[in-house]
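Trainee: The structure is given below, and queries will be raised subsequently.
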Amino acid sequence: MGLGARAIRWIPTDAEQRMDVAALRRRLREDREAGRTPFMAIGTAGTVSTGAIDPLREIAAVCREHALWFHVDGAYGAPAAALPEADADLRALAEADSVAFDPHKWLYAPLEAGCVLVRDAEALHDTFHHRPPYYHFGGEPDDMPTNLYEWGPQNSRGFRALKVWLVLQQVGRAGYVGMIRDDIALARAMFDHARTFPELETATCRLSIATFRYIPADLRPRVRPADAGRPVEPNDDEAYVDRLNTELLTAMQDEGEAYLSNAVIGGRFHLRACIVNFRTTLDDVRMVPELAVRMGRAVDARLREKR
Ligand SMILES: *Cc1c(COP(=O)(O)O)cnc(C)c1O
């Protein structure tokens, strides 16, 4: 927006990493009282780390009351709104003025295909339309060409839309609903399987993202469960468990059997699995907690030797 990062108000989240709408309302009031003009609120439909979905219905209501533009970052999670069983907050994407989403994530398009949907297309034209004298794209008045540079920041560009359109032609809406539903079920299966290992502490399971961490059996009683709502300073054992999981993640990535990434929840380092591949199977996801325990033990032994 060109306003600088200081113009952004970060709104706190609750224990489930969802925006605290009361805090949003307070912040709006304070800014108004200070003579500032808030004009947009941004919610997230599927956060990067845990797949949390903000209370989008309530945020939409706040936006209506305060005449704010309602943008939703659905880069990862937006396509899941197509599922009939999607929760009401996810479906409240329908109330957004604009939604960003990445077909290269949950529409399985090859990298890269970023996308923004804007309810009122004229808003794009009003923003970007510009006819410099060195561009003359003719056409009949009743059959004018669509010049994409008049609808967005980019002029010359590749035909990214083709790969998105082709898959839609091939699998259609029903195909996507089936594949996305499978991914969500696979993440749940991994989470449930992780729960059965005493050395794994499961944290979150939202959309197709499951998070957990490895805690050596003897340290378990000395490590507090991560509380996303109230991050606390780690004691020595908790700091060690953070380090252990950091090294475990690197070891798993190097080893190459499964690719996990990380999520920091309540200040603590967790392993994060995000399933966005229609080739992933139940066997694949059941293997991951087993691998995490096996490698967790090895990394723990190595670190203790050095301790
Ligand atoms: C991936 C992601 C982004 C960044 O998207 P890029 O395509 O890498 O620019 C932003 N927000 C969320 C929620 C994401 O999952």
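In the structure tokens, chains take the letters A, B, ... in the order shown, each chain's residues start at 1, and ligands count up from 1 in the order shown.
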Let me have all residues with an atom within 8 Å of ligand 1, counting only C-alpha atoms and all ligand atoms, laid out as a list in words.

Mentor: Thr44, Ala45, Gly46, Thr47, Val48, Gly51, Asp73, Gly74, Ala75, Tyr76, Gly77, Phe101, Asp102, His104, Lys105, Glu112, Ala113 and Gly114 of chain A

Trainee: Run DSSP on the backbone and give me the residues of segment 23-143 of chain A it puts in helix (DSSP H, G or I), as a PyMOL selection string.

Mentor: chain A and resi 23-33+56-66+78-82+88-95+103-106+121-128

Trainee: Out of A:Asp236, A:Asp254, A:Thr127, A:Trp106, which residue has the shortest atom-to-atom distance to Ile209 of chain A when counting only C-alpha atoms?

Mentor: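 Using only C-alpha atoms, Ile209 of chain A sits closest to A:Trp106.
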
Trainee: Among segment 139-258 of chain A, which ones does DSSP place in strand (DSSP E or B), written as a ChimeraX atom specification?

Mentor: /A:140,143,200-206,209-214

Trainee: Go ahead and dump the residues you just picked, N, CA, C and O atoms, as a PDB file, in the first residue's frame.

Mentor:
ATOM      1  N   GLU A 140     -11.808  -2.376 -32.189  1.00  0.00           N
ATOM      2  CA  GLU A 140     -13.065  -1.734 -32.534  1.00  0.00           C
ATOM      3  C   GLU A 140     -13.699  -1.217 -31.245  1.00  0.00           C
ATOM      4  O   GLU A 140     -13.614  -1.879 -30.215  1.00  0.00           O
ATOM      5  N   ASP A 143     -15.577  -3.702 -29.583  1.00  0.00           N
ATOM      6  CA  ASP A 143     -14.886  -4.972 -29.337  1.00  0.00           C
ATOM      7  C   ASP A 143     -13.447  -4.679 -28.901  1.00  0.00           C
ATOM      8  O   ASP A 143     -12.485  -5.080 -29.543  1.00  0.00           O
ATOM      9  N   LEU A 200       5.715 -38.151  21.528  1.00  0.00           N
ATOM     10  CA  LEU A 200       5.262 -37.030  20.692  1.00  0.00           C
ATOM     11  C   LEU A 200       4.157 -36.272  21.426  1.00  0.00           C
ATOM     12  O   LEU A 200       3.234 -36.877  21.962  1.00  0.00           O
ATOM     13  N   GLU A 201       4.291 -34.943  21.436  1.00  0.00           N
ATOM     14  CA  GLU A 201       3.233 -34.105  21.988  1.00  0.00           C
ATOM     15  C   GLU A 201       2.535 -33.432  20.809  1.00  0.00           C
ATOM     16  O   GLU A 201       3.137 -32.629  20.101  1.00  0.00           O
ATOM     17  N   THR A 202       1.269 -33.787  20.593  1.00  0.00           N
ATOM     18  CA  THR A 202       0.531 -33.190  19.477  1.00  0.00           C
ATOM     19  C   THR A 202       0.061 -31.793  19.884  1.00  0.00           C
ATOM     20  O   THR A 202      -0.263 -31.552  21.047  1.00  0.00           O
ATOM     21  N   ALA A 203       0.035 -30.884  18.890  1.00  0.00           N
ATOM     22  CA  ALA A 203      -0.348 -29.502  19.213  1.00  0.00           C
ATOM     23  C   ALA A 203      -1.622 -29.085  18.488  1.00  0.00           C
ATOM     24  O   ALA A 203      -2.636 -28.813  19.124  1.00  0.00           O
ATOM     25  N   THR A 204      -1.592 -29.026  17.171  1.00  0.00           N
ATOM     26  CA  THR A 204      -2.762 -28.543  16.433  1.00  0.00           C
ATOM     27  C   THR A 204      -3.032 -29.416  15.211  1.00  0.00           C
ATOM     28  O   THR A 204      -2.127 -30.050  14.670  1.00  0.00           O
ATOM     29  N   CYS A 205      -4.297 -29.420  14.782  1.00  0.00           N
ATOM     30  CA  CYS A 205      -4.668 -30.071  13.528  1.00  0.00           C
ATOM     31  C   CYS A 205      -5.818 -29.263  12.934  1.00  0.00           C
ATOM     32  O   CYS A 205      -6.941 -29.311  13.428  1.00  0.00           O
ATOM     33  N   ARG A 206      -5.491 -28.459  11.921  1.00  0.00           N
ATOM     34  CA  ARG A 206      -6.488 -27.622  11.245  1.00  0.00           C
ATOM     35  C   ARG A 206      -6.273 -27.766   9.753  1.00  0.00           C
ATOM     36  O   ARG A 206      -5.132 -27.754   9.286  1.00  0.00           O
ATOM     37  N   ILE A 209      -3.056 -29.314   7.999  1.00  0.00           N
ATOM     38  CA  ILE A 209      -1.799 -29.081   8.717  1.00  0.00           C
ATOM     39  C   ILE A 209      -1.870 -29.725  10.101  1.00  0.00           C
ATOM     40  O   ILE A 209      -2.794 -29.439  10.872  1.00  0.00           O
ATOM     41  N   ALA A 210      -0.913 -30.589  10.401  1.00  0.00           N
ATOM     42  CA  ALA A 210      -0.802 -31.195  11.729  1.00  0.00           C
ATOM     43  C   ALA A 210       0.534 -30.764  12.327  1.00  0.00           C
ATOM     44  O   ALA A 210       1.551 -30.736  11.635  1.00  0.00           O
ATOM     45  N   THR A 211       0.531 -30.406  13.609  1.00  0.00           N
ATOM     46  CA  THR A 211       1.784 -30.025  14.275  1.00  0.00           C
ATOM     47  C   THR A 211       1.971 -30.847  15.550  1.00  0.00           C
ATOM     48  O   THR A 211       0.998 -31.196  16.230  1.00  0.00           O
ATOM     49  N   PHE A 212       3.205 -31.144  15.836  1.00  0.00           N
ATOM     50  CA  PHE A 212       3.557 -31.899  17.042  1.00  0.00           C
ATOM     51  C   PHE A 212       5.041 -31.702  17.295  1.00  0.00           C
ATOM     52  O   PHE A 212       5.748 -31.101  16.476  1.00  0.00           O
ATOM     53  N   ARG A 213       5.521 -32.193  18.434  1.00  0.00           N
ATOM     54  CA  ARG A 213       6.967 -32.118  18.691  1.00  0.00           C
ATOM     55  C   ARG A 213       7.415 -33.343  19.456  1.00  0.00           C
ATOM     56  O   ARG A 213       6.602 -34.044  20.077  1.00  0.00           O
ATOM     57  N   TYR A 214       8.705 -33.569  19.416  1.00  0.00           N
ATOM     58  CA  TYR A 214       9.308 -34.721  20.086  1.00  0.00           C
ATOM     59  C   TYR A 214       9.797 -34.272  21.465  1.00  0.00           C
ATOM     60  O   TYR A 214      10.526 -33.285  21.583  1.00  0.00           O
TER      61      TYR A 214
END

Trainee: Residues near Val288 of chain A, anyone? I mean within 10 Å using only C-alpha atoms, not counting same-chain ones fewer than 3 positions away, as a PyMOL selection string.

Mentor: chain A and resi 190-191+193-194+252+257-260+273+283-285+291-294

Trainee: Kindly assemble as CSV a list of the segment 37-150 of chain A residues that lie within 10 Å of segment 1-11 of chain A, each paired with its nearest atom pair and their distance in Å to one decimal, using only C-alpha atoms, sorted first by chain and then by ascending residue number.

Mentor:
residue,atom,partner,partner_atom,distance
A:Pro38,CA,A:Ala7,CA,9.2
A:Met40,CA,A:Ile8,CA,10.0
A:Ala41,CA,A:Arg9,CA,9.4
A:Ile42,CA,A:Ile11,CA,9.9

Trainee: So the first atom is atom CA of Arg18 of chain A and the second is atom CA of Asp54 of chain A; what is the distance between them in Å, to one decimal place?

Mentor: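 Computing it gives 4.6 Å between the two atoms.
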
Trainee: Please compute the atom CA of Thr280 of chain A-atom CA of Tyr176 of chain A distance, one decimal, in Å.

Mentor: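 If I compute the distance from atom CA of Thr280 of chain A to atom CA of Tyr176 of chain A, I get 14.8 Å.
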
Trainee: So that I can see what lies close to Gln17 of chain A, please list as a VMD selection string the residues with an atom at most 8 Å from it, counting only C-alpha atoms and leaving out residues fewer than 6 positions away in the same chain.

Mentor: chain A and resid 52 54 228 to 229

Trainee: Given the selection you just returned, output its residues as a file containing all heavy atoms, formatted as a PDB file, in the first residue's frame.

Mentor:
ATOM      1  N   ALA A  52      -4.884 -22.047  11.088  1.00  0.00           N
ATOM      2  CA  ALA A  52      -5.968 -21.422  11.859  1.00  0.00           C
ATOM      3  C   ALA A  52      -6.808 -20.525  10.947  1.00  0.00           C
ATOM      4  O   ALA A  52      -6.287 -19.897  10.016  1.00  0.00           O
ATOM      5  CB  ALA A  52      -5.396 -20.599  13.007  1.00  0.00           C
ATOM      6  N   ASP A  54      -9.376 -17.328  10.991  1.00  0.00           N
ATOM      7  CA  ASP A  54      -9.877 -16.224  11.808  1.00  0.00           C
ATOM      8  C   ASP A  54     -11.404 -16.246  11.831  1.00  0.00           C
ATOM      9  O   ASP A  54     -12.032 -16.802  10.926  1.00  0.00           O
ATOM     10  CB  ASP A  54      -9.391 -14.886  11.229  1.00  0.00           C
ATOM     11  CG  ASP A  54      -7.953 -14.566  11.636  1.00  0.00           C
ATOM     12  OD1 ASP A  54      -7.556 -14.962  12.747  1.00  0.00           O
ATOM     13  OD2 ASP A  54      -7.247 -13.921  10.832  1.00  0.00           O
ATOM     14  N   ALA A 228      -0.525 -21.423  23.153  1.00  0.00           N
ATOM     15  CA  ALA A 228      -0.434 -20.408  22.094  1.00  0.00           C
ATOM     16  C   ALA A 228      -0.935 -19.053  22.583  1.00  0.00           C
ATOM     17  O   ALA A 228      -0.463 -18.016  22.139  1.00  0.00           O
ATOM     18  CB  ALA A 228      -1.221 -20.859  20.882  1.00  0.00           C
ATOM     19  N   GLY A 229      -1.895 -19.062  23.501  1.00  0.00           N
ATOM     20  CA  GLY A 229      -2.464 -17.796  23.955  1.00  0.00           C
ATOM     21  C   GLY A 229      -1.515 -17.034  24.869  1.00  0.00           C
ATOM     22  O   GLY A 229      -1.624 -15.824  25.013  1.00  0.00           O
TER      23      GLY A 229
END

Trainee: So which one's closest to His270 of chain A, A:Glu238, A:Glu150, A:Glu255, A:Glu290? Using only C-alpha atoms, please.

Mentor: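 Of all the options, A:Glu238 lies closest to His270 of chain A.
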
Trainee: If you measure from atom CA of Cys115 of chain A to atom CA of Arg160 of chain A, what distance in Å do you get, rounded to one decimal?

Mentor: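 Straight-line distance from atom CA of Cys115 of chain A to atom CA of Arg160 of chain A works out to 9.8 Å.
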
Trainee: Pick the closest to Asp237 of chain A from A:Leu186, A:Ala251, A:Leu219, A:Ala67: which is it, counting only C-alpha atoms?

Mentor: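 Looking at the shortest contact to Asp237 of chain A, the residue is A:Leu219.
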
Trainee: Residues near Ala226 of chain A, anyone? I mean within 8 Å using only C-alpha atoms, not counting same-chain ones fewer than 3 positions away, as a list in words.

Mentor: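 Those residues are Ala203, Pro231, Ile265, Gly266, Gly267 and Arg268 of chain A.
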
Trainee: For the residues in the current selection, export C-alpha atoms as a PDB file, in the first residue's frame.

Mentor:
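The resulting file, out-v7.pdb, is reproduced below:
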ATOM      1  CA  ALA A 203      -0.348 -29.502  19.213  1.00  0.00           C
ATOM      2  CA  PRO A 231       3.803 -17.755  25.411  1.00  0.00           C
ATOM      3  CA  ILE A 265       3.365 -22.257  18.734  1.00  0.00           C
ATOM      4  CA  GLY A 266       3.296 -20.506  22.108  1.00  0.00           C
ATOM      5  CA  GLY A 267       6.939 -19.640  21.508  1.00  0.00           C
ATOM      6  CA  ARG A 268       7.898 -23.323  21.231  1.00  0.00           C
TER       7      ARG A 268
END

Trainee: Can you check which parts of segment 142-187 of chain A lie within 12 Å of segment 120-124 of chain A? Per residue, the shortest pair of atoms and distance in Å to one decimal, counting only C-alpha atoms, sorted by chain and number, as CSV.

Mentor:
residue,atom,partner,partner_atom,distance
A:Leu148,CA,A:Leu124,CA,10.4
A:Tyr149,CA,A:Leu124,CA,10.2
A:Glu150,CA,A:Leu124,CA,7.8
A:Trp151,CA,A:Leu124,CA,5.2
A:Gly152,CA,A:Leu124,CA,6.6
A:Pro153,CA,A:Leu124,CA,9.6

Trainee: Let's have the selection written as a PDB file, in the first residue's frame, with N, CA, C and O atoms.

Mentor:
ATOM      1  N   LEU A 148      -4.367  -6.477 -19.907  1.00  0.00           N
ATOM      2  CA  LEU A 148      -4.235  -6.881 -18.507  1.00  0.00           C
ATOM      3  C   LEU A 148      -3.513  -5.830 -17.664  1.00  0.00           C
ATOM      4  O   LEU A 148      -3.742  -5.739 -16.473  1.00  0.00           O
ATOM      5  N   TYR A 149      -2.663  -5.010 -18.289  1.00  0.00           N
ATOM      6  CA  TYR A 149      -1.979  -3.993 -17.475  1.00  0.00           C
ATOM      7  C   TYR A 149      -2.944  -2.962 -16.912  1.00  0.00           C
ATOM      8  O   TYR A 149      -2.600  -2.221 -16.003  1.00  0.00           O
ATOM      9  N   GLU A 150      -4.148  -2.911 -17.455  1.00  0.00           N
ATOM     10  CA  GLU A 150      -5.136  -1.977 -16.906  1.00  0.00           C
ATOM     11  C   GLU A 150      -5.890  -2.560 -15.711  1.00  0.00           C
ATOM     12  O   GLU A 150      -6.718  -1.898 -15.102  1.00  0.00           O
ATOM     13  N   TRP A 151      -5.591  -3.826 -15.376  1.00  0.00           N
ATOM     14  CA  TRP A 151      -6.328  -4.513 -14.307  1.00  0.00           C
ATOM     15  C   TRP A 151      -5.411  -4.993 -13.188  1.00  0.00           C
ATOM     16  O   TRP A 151      -5.849  -5.683 -12.264  1.00  0.00           O
ATOM     17  N   GLY A 152      -4.114  -4.689 -13.289  1.00  0.00           N
ATOM     18  CA  GLY A 152      -3.189  -5.132 -12.250  1.00  0.00           C
ATOM     19  C   GLY A 152      -1.848  -4.473 -12.451  1.00  0.00           C
ATOM     20  O   GLY A 152      -1.662  -3.715 -13.415  1.00  0.00           O
ATOM     21  N   PRO A 153      -0.881  -4.747 -11.566  1.00  0.00           N
ATOM     22  CA  PRO A 153       0.399  -4.055 -11.631  1.00  0.00           C
ATOM     23  C   PRO A 153       1.318  -4.550 -12.747  1.00  0.00           C
ATOM     24  O   PRO A 153       2.331  -3.927 -13.023  1.00  0.00           O
TER      25      PRO A 153
END
